[in-house]
Amino acid sequence: MKKLLSALIICAVITSLQSCGIVVIHHGTETTAAVTDPAATERGGETTAPRTIVVDPETPEKMRNRADELLNGLDTLKISGARLFVAGVDLTFFEGDGELTALTSDRAIRIEKLAEKLDADIAAAQFSEKELYDKLKSASDSGEYFADVIAVPRYLAGTLAADGLIKSLRTLPAFDYKAPYFSADTVNAFSAGHRLYAVSGEGCFEPEKIYCVYFNKTLAASLGLDLYGLVSSGEWTLEQFADILNSTSSDTVTEKGLDLQTALYLGAGLDFTENGTDMVPRALTFGSSFENAVRLISAVPSPLPADDPTEKFLEGGALFYVDRVSAAESMSSSDTVWGMLPMPKADRESDYSGYIAPDATVLCVPVCNSDDRLSGDFIEAFFACSTGYIKYDHIYHYMLDVLRDNGSVNCLDIILDGGNCDFVTAMKDGFPTLYANTAGAFGELVSGGLSFEEYKEREDDVAEYLEKWFPVINK
């Protein structure tokens, strides 16, 4: 909680600044207007129109008011100052990182609002994955209390579900999992049979855990590429991405350890299973659409190996660089002229989505909580009072202090508005057989190590597995 205490100390300062509009503290300076970089043409050999940034002093306040109205409209318990405990693996999404930023301030002020709404002493503690699992398992075995809510990386949810350590959120009294402040995609992805294992949404807003595609604007211009135009026209697709790399003999670098093929598949909004309320998950890996996606991604050249991919990109060693949105912060002072794009989508008719890191946070309710209604009320209140303004403030921070042009700002809005949650990859550690026969087989198919004819022989077994482990028992 040390970071939270530091953040709370600065809340009054940030709040007073924000009441006058979006003001962001960046490298120790206040920025209230855009600055046109006169060296842009020298760095990149291209001429760009000066940025014209209009800071709207009313929009963030209106968004805060709407979020407050949502929060105030909820019928929740009041627990007379008793403790409400959140246990997590990474609490940055909850309390901020202690830095003097609008994002940290928004997160800290949110906790004060929640404490007032629930009349609760809200406490949080961070554990390693092993510590959290061991404490949760021990409390469950002994029938003792551990926490009211747990915040875990998506990939841990499968283990907790398989081991019976989390409750279905649909069993919580008065819990509205269909509320608009929850990510509908995440609700679908974590729905299996009659259960709902976890939720996410703007309450878990983590720009440091969503990916984008950076591009070298100088190289793109020399190749005659209008990449922003492709995005706006809906033609920034997997096929286009592969065609550009192959036809121009260009290269890609990625964040170290990133599985580019999986990032492209999920980032395009494609899933390995179809999930929904009161349905057995259905594998999507045996049809022609999946086969076509494999074909497109197989055509994407492997990324260049690089000990320091950021440096490789900024030195002009690659046209594209796939990394997290937060990587832009470290590149903001670079002489290289770069831009930001969303992940390419599946085809022209599809919407843009996005690849979210496997460690992105979701909220679950442990089996050893104190009161189901309290856990559900907290989660709903947490997401309701986060709606709109937290993401808005962050976009303005990037617009004013990080990004180089309006094209990148427009793309950032697309990136932060999407993000694909996939059931199979989230449940991997708890249900490895399912993973091996869908997402695992995907890698084999892309590499050519497995033929579709061989793979399709597993279809009935996969369907039987899904029916066995995620049945619709009741509605």
# chains A, B, ... in the order shown; residues from 1 in each chain; ligands from 1
call {"tool": "select_by_dssp", "arguments": {"residues": "region 207-442 of chain A", "states": "strand (DSSP E)", "output": "ChimeraX atom specification"}}
result
/A:211-216,252-254,273-274,282-283,320-324,338-341,361-364
call {"tool": "residues_around", "arguments": {"residues": "Arg295 (chain A)", "least_positions_apart": "6", "cutoff": "10 Å", "atoms": "only C-alpha atoms", "output": "number ranges by chain"}}
result
A: 239, 289, 445-446
call {"tool": "closest_residue", "arguments": {"among": "A:Ser247, A:Ser233, A:Thr425, A:Thr159", "to": "Glu129 (chain A)", "atoms": "only C-alpha atoms"}}
result
A:Thr159
call {"tool": "closest_residue", "arguments": {"among": "A:Asp251, A:Asp226, A:Glu274, A:Asp259", "to": "Phe313 (chain A)", "atoms": "only C-alpha atoms"}}
result
A:Asp251
call {"tool": "residues_around", "arguments": {"residues": "Tyr265 (chain A)", "least_positions_apart": "2", "cutoff": "12 Å", "atoms": "only C-alpha atoms", "output": "PyMOL selection string"}}
result
chain A and resi 237-239+259-263+267-272+285+289-298+300+343-347+353-356+420-422+425+439+442-443+446
call {"tool": "select_by_dssp", "arguments": {"residues": "region 214-404 of chain A", "states": "alpha helix (DSSP H)", "output": "VMD selection string"}}
result
chain A and resid 217 to 222 227 to 233 238 to 248 260 to 267 288 to 298 309 to 314 327 to 331 372 to 384 389 to 401
call {"tool": "residues_around", "arguments": {"residues": "region 430-435 of chain A", "least_positions_apart": "6", "cutoff": "9 Å", "atoms": "only C-alpha atoms", "output": "number ranges by chain"}}
result
A: 155-163, 424, 441, 462, 465-466
call {"tool": "closest_residue", "arguments": {"among": "A:Leu258, A:Asp460, A:Tyr211, A:Asp371", "to": "Cys411 (chain A)", "atoms": "only C-alpha atoms"}}
result
A:Tyr211
call {"tool": "residues_around", "arguments": {"residues": "Asn188 (chain A)", "least_positions_apart": "5", "cutoff": "8 Å", "atoms": "only C-alpha atoms", "output": "CSV table (one decimal) with N, CA and C atoms, in the first residue's frame"}}
result
chain,number,residue,atom,x,y,z
A,275,ASN,N,-17.4,-18.9,-27.1
A,275,ASN,CA,-17.9,-19.0,-25.7
A,275,ASN,C,-19.1,-18.1,-25.6
A,276,GLY,N,-19.9,-18.4,-24.6
A,276,GLY,CA,-21.1,-17.5,-24.3
A,276,GLY,C,-21.8,-18.0,-23.1
A,277,THR,N,-22.8,-17.3,-22.7
A,277,THR,CA,-23.6,-17.6,-21.5
A,277,THR,C,-24.4,-18.9,-21.8
call {"tool": "residues_around", "arguments": {"residues": "Thr92 (chain A)", "least_positions_apart": "4", "cutoff": "9 Å", "atoms": "only C-alpha atoms", "output": "ChimeraX atom specification"}}
result
/A:3,96-98,104,107,206
call {"tool": "residues_around", "arguments": {"residues": "Ser334 (chain A)", "least_positions_apart": "2", "cutoff": "12 Å", "atoms": "only C-alpha atoms", "output": "list in words"}}
result
Ala39, Ala40, Arg43, Gly44, Asn216, Thr310, Glu311, Phe313, Leu314, Glu315, Gly316, Ala327, Ala328, Glu329, Ser330, Met331, Ser332, Thr336, Val337, Trp338, Gly339, Val402, Leu403 and Arg404 of chain A
call {"tool": "write_last_selection", "arguments": {"atoms": "N, CA and C atoms", "output": "compact mmCIF listing (two decimals), in the first residue's frame"}}
result
# COMPACT_ATOMS: atom_id res chain seq x y z
N ALA A 39 12.15 19.99 -35.69
CA ALA A 39 13.18 19.12 -36.25
C ALA A 39 12.61 17.90 -36.95
N ALA A 40 11.30 17.84 -37.05
CA ALA A 40 10.69 16.65 -37.62
C ALA A 40 11.16 16.38 -39.04
N ARG A 43 14.76 15.04 -39.07
CA ARG A 43 14.94 13.68 -38.58
C ARG A 43 14.48 12.66 -39.61
N GLY A 44 13.35 12.93 -40.24
CA GLY A 44 12.77 11.91 -41.08
C GLY A 44 12.74 12.22 -42.55
N ASN A 216 8.38 2.64 -38.66
CA ASN A 216 9.35 3.67 -38.99
C ASN A 216 8.77 4.51 -40.13
N THR A 310 14.01 -2.63 -29.20
CA THR A 310 13.73 -1.20 -29.29
C THR A 310 14.86 -0.47 -30.00
N GLU A 311 16.08 -0.78 -29.60
CA GLU A 311 17.25 -0.14 -30.23
C GLU A 311 17.34 -0.51 -31.70
N PHE A 313 14.93 -1.26 -33.73
CA PHE A 313 13.91 -0.51 -34.46
C PHE A 313 14.31 0.95 -34.62
N LEU A 314 14.75 1.57 -33.55
CA LEU A 314 15.08 2.99 -33.60
C LEU A 314 16.32 3.27 -34.45
N GLU A 315 17.15 2.27 -34.67
CA GLU A 315 18.31 2.43 -35.54
C GLU A 315 17.95 2.24 -37.01
N GLY A 316 16.67 1.96 -37.29
CA GLY A 316 16.23 1.77 -38.67
C GLY A 316 16.39 0.35 -39.17
N ALA A 327 5.68 0.94 -24.47
CA ALA A 327 7.01 1.11 -25.07
C ALA A 327 7.17 2.49 -25.69
N ALA A 328 6.06 3.12 -26.03
CA ALA A 328 6.12 4.46 -26.63
C ALA A 328 6.75 5.47 -25.69
N GLU A 329 6.57 5.27 -24.38
CA GLU A 329 7.14 6.20 -23.40
C GLU A 329 8.65 6.27 -23.55
N SER A 330 9.30 5.12 -23.68
CA SER A 330 10.76 5.11 -23.77
C SER A 330 11.26 5.60 -25.11
N MET A 331 10.38 5.63 -26.13
CA MET A 331 10.81 6.09 -27.46
C MET A 331 10.43 7.54 -27.73
N SER A 332 9.78 8.19 -26.76
CA SER A 332 9.22 9.52 -27.01
C SER A 332 10.28 10.58 -27.32
N THR A 336 14.30 9.12 -34.12
CA THR A 336 13.62 8.37 -35.18
C THR A 336 12.15 8.79 -35.26
N VAL A 337 11.67 9.00 -36.45
CA VAL A 337 10.27 9.37 -36.65
C VAL A 337 9.45 8.08 -36.77
N TRP A 338 8.63 7.83 -35.76
CA TRP A 338 7.86 6.60 -35.74
C TRP A 338 6.38 6.91 -35.55
N GLY A 339 5.56 5.93 -35.88
CA GLY A 339 4.13 6.06 -35.68
C GLY A 339 3.59 4.80 -35.03
N VAL A 402 3.67 12.11 -25.67
CA VAL A 402 4.36 10.91 -26.13
C VAL A 402 4.32 10.73 -27.65
N LEU A 403 3.14 10.77 -28.23
CA LEU A 403 2.99 10.46 -29.65
C LEU A 403 3.42 11.62 -30.54
N ARG A 404 3.74 11.28 -31.78
CA ARG A 404 4.34 12.26 -32.69
C ARG A 404 3.36 12.91 -33.65
call {"tool": "atom_distance", "arguments": {"atom1": "CA of Asp134 (chain A)", "atom2": "CA of Val365 (chain A)"}}
result
15.8 Å
call {"tool": "closest_residue", "arguments": {"among": "A:Leu74, A:Met399, A:Ala124, A:Ile111", "to": "Val89 (chain A)", "atoms": "only C-alpha atoms"}}
result
A:Ala124
call {"tool": "atom_distance", "arguments": {"atom1": "CA of Leu118 (chain A)", "atom2": "CA of Lys178 (chain A)"}}
result
21.4 Å
call {"tool": "closest_residue", "arguments": {"among": "A:Asn406, A:Thr171, A:Ser447, A:Ser183", "to": "Gly203 (chain A)", "atoms": "only C-alpha atoms"}}
result
A:Ser183
call {"tool": "closest_residue", "arguments": {"among": "A:Thr254, A:Asn369, A:Ser288, A:Thr273", "to": "Ala463 (chain A)", "atoms": "only C-alpha atoms"}}
result
A:Thr273
call {"tool": "closest_atom_pairs", "arguments": {"of": "region 98-164 of chain A", "to": "region 382-398 of chain A", "cutoff": "12 Å", "atoms": "only C-alpha atoms", "output": "tab-separated table"}}
result
residue	atom	partner	partner_atom	distance
A:Thr101	CA	A:His397	CA	8.8
A:Ala102	CA	A:Asp393	CA	6.7
A:Leu103	CA	A:His394	CA	6.4
A:Thr104	CA	A:Ile390	CA	9.5
A:Ser105	CA	A:Ile390	CA	9.6
A:Asp106	CA	A:Ile390	CA	6.4
A:Arg107	CA	A:Ile390	CA	8.0
A:Ala108	CA	A:Ile390	CA	11.3
A:Ile109	CA	A:Cys385	CA	10.3
A:Arg110	CA	A:Cys385	CA	7.0
A:Ile111	CA	A:Phe382	CA	8.3
A:Glu112	CA	A:Cys385	CA	10.9
A:Lys113	CA	A:Cys385	CA	8.1
A:Leu114	CA	A:Phe382	CA	6.8
A:Ala115	CA	A:Phe382	CA	10.2
A:Lys117	CA	A:Phe382	CA	10.2
A:Leu118	CA	A:Phe382	CA	10.6
A:Ile122	CA	A:Phe382	CA	11.5
A:Val149	CA	A:Phe382	CA	11.2
call {"tool": "write_last_selection", "arguments": {"atoms": "N, CA and C atoms", "output": "compact mmCIF listing (two decimals), in the first residue's frame"}}
result
# COMPACT_ATOMS: atom_id res chain seq x y z
N THR A 101 1.30 11.00 -11.98
CA THR A 101 0.61 11.00 -13.27
C THR A 101 -0.89 11.03 -13.03
N ALA A 102 -1.62 11.42 -14.06
CA ALA A 102 -3.08 11.45 -13.98
C ALA A 102 -3.63 10.04 -13.78
N LEU A 103 -2.97 9.03 -14.39
CA LEU A 103 -3.45 7.66 -14.27
C LEU A 103 -3.36 7.17 -12.83
N THR A 104 -2.24 7.43 -12.18
CA THR A 104 -2.10 7.05 -10.77
C THR A 104 -3.11 7.81 -9.92
N SER A 105 -3.28 9.09 -10.19
CA SER A 105 -4.23 9.89 -9.43
C SER A 105 -5.65 9.35 -9.58
N ASP A 106 -6.04 9.05 -10.81
CA ASP A 106 -7.39 8.52 -11.05
C ASP A 106 -7.62 7.23 -10.27
N ARG A 107 -6.61 6.37 -10.26
CA ARG A 107 -6.75 5.09 -9.57
C ARG A 107 -6.87 5.29 -8.06
N ALA A 108 -6.09 6.22 -7.52
CA ALA A 108 -6.11 6.46 -6.08
C ALA A 108 -7.43 7.09 -5.63
N ILE A 109 -7.91 8.07 -6.38
CA ILE A 109 -9.16 8.73 -6.04
C ILE A 109 -10.33 7.75 -6.12
N ARG A 110 -10.22 6.82 -7.05
CA ARG A 110 -11.28 5.81 -7.22
C ARG A 110 -11.45 4.99 -5.93
N ILE A 111 -10.36 4.66 -5.27
CA ILE A 111 -10.46 3.86 -4.04
C ILE A 111 -11.18 4.64 -2.96
N GLU A 112 -10.94 5.94 -2.89
CA GLU A 112 -11.65 6.77 -1.91
C GLU A 112 -13.16 6.74 -2.17
N LYS A 113 -13.54 6.83 -3.44
CA LYS A 113 -14.96 6.81 -3.79
C LYS A 113 -15.59 5.47 -3.41
N LEU A 114 -14.88 4.40 -3.67
CA LEU A 114 -15.41 3.07 -3.35
C LEU A 114 -15.56 2.88 -1.85
N ALA A 115 -14.57 3.37 -1.10
CA ALA A 115 -14.64 3.25 0.36
C ALA A 115 -15.85 3.99 0.90
N LYS A 117 -18.64 4.70 -0.85
CA LYS A 117 -19.86 4.05 -1.32
C LYS A 117 -20.20 2.83 -0.46
N LEU A 118 -19.21 2.03 -0.11
CA LEU A 118 -19.45 0.79 0.62
C LEU A 118 -19.29 0.96 2.13
N ILE A 122 -11.01 -0.24 2.68
CA ILE A 122 -10.54 -1.08 1.57
C ILE A 122 -9.04 -1.25 1.68
N VAL A 149 -11.99 -10.36 -2.82
CA VAL A 149 -11.80 -10.35 -4.27
C VAL A 149 -10.33 -10.63 -4.53
call {"tool": "decode", "arguments": {"residues": "region 229-242 of chain A", "atoms": "N, CA and C atoms", "output": "PDB file, in the first residue's frame"}}
result
ATOM      1  N   GLY A 229      -3.562   5.541 -43.724  1.00  0.00           N
ATOM      2  CA  GLY A 229      -4.654   5.438 -44.691  1.00  0.00           C
ATOM      3  C   GLY A 229      -5.236   4.032 -44.725  1.00  0.00           C
ATOM      4  N   LEU A 230      -4.374   3.020 -44.616  1.00  0.00           N
ATOM      5  CA  LEU A 230      -4.858   1.642 -44.581  1.00  0.00           C
ATOM      6  C   LEU A 230      -5.734   1.395 -43.355  1.00  0.00           C
ATOM      7  N   VAL A 231      -5.338   1.963 -42.222  1.00  0.00           N
ATOM      8  CA  VAL A 231      -6.132   1.792 -41.010  1.00  0.00           C
ATOM      9  C   VAL A 231      -7.501   2.429 -41.175  1.00  0.00           C
ATOM     10  N   SER A 232      -7.521   3.676 -41.632  1.00  0.00           N
ATOM     11  CA  SER A 232      -8.784   4.410 -41.733  1.00  0.00           C
ATOM     12  C   SER A 232      -9.714   3.817 -42.783  1.00  0.00           C
ATOM     13  N   SER A 233      -9.148   3.198 -43.822  1.00  0.00           N
ATOM     14  CA  SER A 233      -9.982   2.605 -44.875  1.00  0.00           C
ATOM     15  C   SER A 233     -10.393   1.165 -44.547  1.00  0.00           C
ATOM     16  N   GLY A 234      -9.891   0.635 -43.441  1.00  0.00           N
ATOM     17  CA  GLY A 234     -10.230  -0.728 -43.060  1.00  0.00           C
ATOM     18  C   GLY A 234      -9.392  -1.779 -43.750  1.00  0.00           C
ATOM     19  N   GLU A 235      -8.294  -1.374 -44.395  1.00  0.00           N
ATOM     20  CA  GLU A 235      -7.478  -2.317 -45.158  1.00  0.00           C
ATOM     21  C   GLU A 235      -6.208  -2.751 -44.426  1.00  0.00           C
ATOM     22  N   TRP A 236      -6.073  -2.368 -43.164  1.00  0.00           N
ATOM     23  CA  TRP A 236      -4.924  -2.811 -42.379  1.00  0.00           C
ATOM     24  C   TRP A 236      -5.263  -4.199 -41.829  1.00  0.00           C
ATOM     25  N   THR A 237      -4.978  -5.213 -42.630  1.00  0.00           N
ATOM     26  CA  THR A 237      -5.391  -6.582 -42.353  1.00  0.00           C
ATOM     27  C   THR A 237      -4.175  -7.498 -42.254  1.00  0.00           C
ATOM     28  N   LEU A 238      -4.405  -8.723 -41.812  1.00  0.00           N
ATOM     29  CA  LEU A 238      -3.323  -9.709 -41.767  1.00  0.00           C
ATOM     30  C   LEU A 238      -2.715  -9.923 -43.142  1.00  0.00           C
ATOM     31  N   GLU A 239      -3.569  -9.987 -44.148  1.00  0.00           N
ATOM     32  CA  GLU A 239      -3.071 -10.191 -45.507  1.00  0.00           C
ATOM     33  C   GLU A 239      -2.215  -9.019 -45.959  1.00  0.00           C
ATOM     34  N   GLN A 240      -2.663  -7.798 -45.643  1.00  0.00           N
ATOM     35  CA  GLN A 240      -1.898  -6.616 -46.028  1.00  0.00           C
ATOM     36  C   GLN A 240      -0.561  -6.566 -45.298  1.00  0.00           C
ATOM     37  N   PHE A 241      -0.564  -6.914 -44.029  1.00  0.00           N
ATOM     38  CA  PHE A 241       0.666  -6.926 -43.242  1.00  0.00           C
ATOM     39  C   PHE A 241       1.687  -7.887 -43.854  1.00  0.00           C
ATOM     40  N   ALA A 242       1.239  -9.089 -44.197  1.00  0.00           N
ATOM     41  CA  ALA A 242       2.137 -10.068 -44.809  1.00  0.00           C
ATOM     42  C   ALA A 242       2.615  -9.606 -46.175  1.00  0.00           C
TER      43      ALA A 242
END
